[in-house]
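Peer 1: Sharing a structure with you now.
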Amino acid sequence: ILVDRLQTALKADCCEILEIHLAERTYCRLIGAGLNPLSQESIAFSPGSQIDYLLKHQEPLVVTHLAEETRFIPLPSLGDRQIVSSLNV
């Protein structure tokens with residue numbers, strides 16, 4: 001599976017692929033590896049959120065320490081899973 005290969009290539013503890021619905025300003029997790037069971041629920045994102053920042057800047061987003069991030073409001077699910085750093089593209 002693609003997400004497993006991506007996780008291995010990045011040497012990451014976990015990996016997920018999100019689907020973003022711009023018109024509704026929501027996202028959902030399509031597939032994940034190294035994470036809790038997949039939930040297909042749509043989650044709203046707001047101005048100032050991590051996804052909003054990613055979409056506005058349209059470039060890879062490297063987060064070295066999520067708890068110290070000041071550019072945006074991190075996704076709650078990352079903190080819930082004790083994620084420290086991330087790469088978003």
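Ligands are numbered from 1 in the order shown, chains are lettered A, B, ... in the order of the structure tokens, and residues start at 1 in each chain.
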Enumerate, in order of chain and increasing residue number, the residues of region 5-27 of chain A with an atom no farther than 6 Å from region 38-49 of chain A, each with its shortest atom pair and distance in Å to one decimal, counting only C-alpha atoms, as a Markdown table.
Peer 2:
```
| residue | atom | partner | partner_atom | distance |
| --- | --- | --- | --- | --- |
| A:Arg25 | CA | A:Phe45 | CA | 5.7 |
| A:Thr26 | CA | A:Ala44 | CA | 4.1 |
| A:Tyr27 | CA | A:Ile43 | CA | 5.3 |
```
Peer 1: What parts of region 1-81 of chain A does DSSP call strand (DSSP E or B)? I'd like the answer as a ChimeraX atom specification.
Peer 2: /A:15-21,26-33,43-44,49,61-63,73
Peer 1: Could you find all residues in region 3-89 of chain A that DSSP calls helix (DSSP H, G or I) from the backbone, and write them as a list in words?
Peer 2: Val3, Asp4, Arg5, Leu6, Gln7, Thr8, Ala9, Leu10, Gln50, Ile51, Asp52, Tyr53, Leu54, Leu55, Lys56, His57, Leu66, Ala67, Glu68, Pro76, Ser77, Leu78, Gly79 and Asp80 of chain A
Peer 1: Would you mind listing what lies within 7 Å of Ala33 (chain A) as a PyMOL selection string, with only C-alpha atoms counted and same-chain residues fewer than 5 positions away left out?
Peer 2: chain A and resi 3-4+14-16
Peer 1: Can you tell me, as a ChimeraX atom specification, what residues are no more than 12 Å from region 67-77 of chain A when counting only C-alpha atoms, ignoring any on the same chain fewer than 2 positions away?
Peer 2: /A:16,27-29,35-36,39,43-57,61-65,79-86,88
Peer 1: Between CA of Ala12 (chain A) and CA of Gly32 (chain A), what is the distance, to one decimal in Å?
Peer 2: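 Value for the CA of Ala12 (chain A)-CA of Gly32 (chain A) distance: 11.9 Å.
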Peer 1: Calculate how many Å separate CA of Glu24 (chain A) from CA of Leu2 (chain A), rounding to one decimal.
Peer 2: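 If I compute the distance from CA of Glu24 (chain A) to CA of Leu2 (chain A), I get 26.7 Å.
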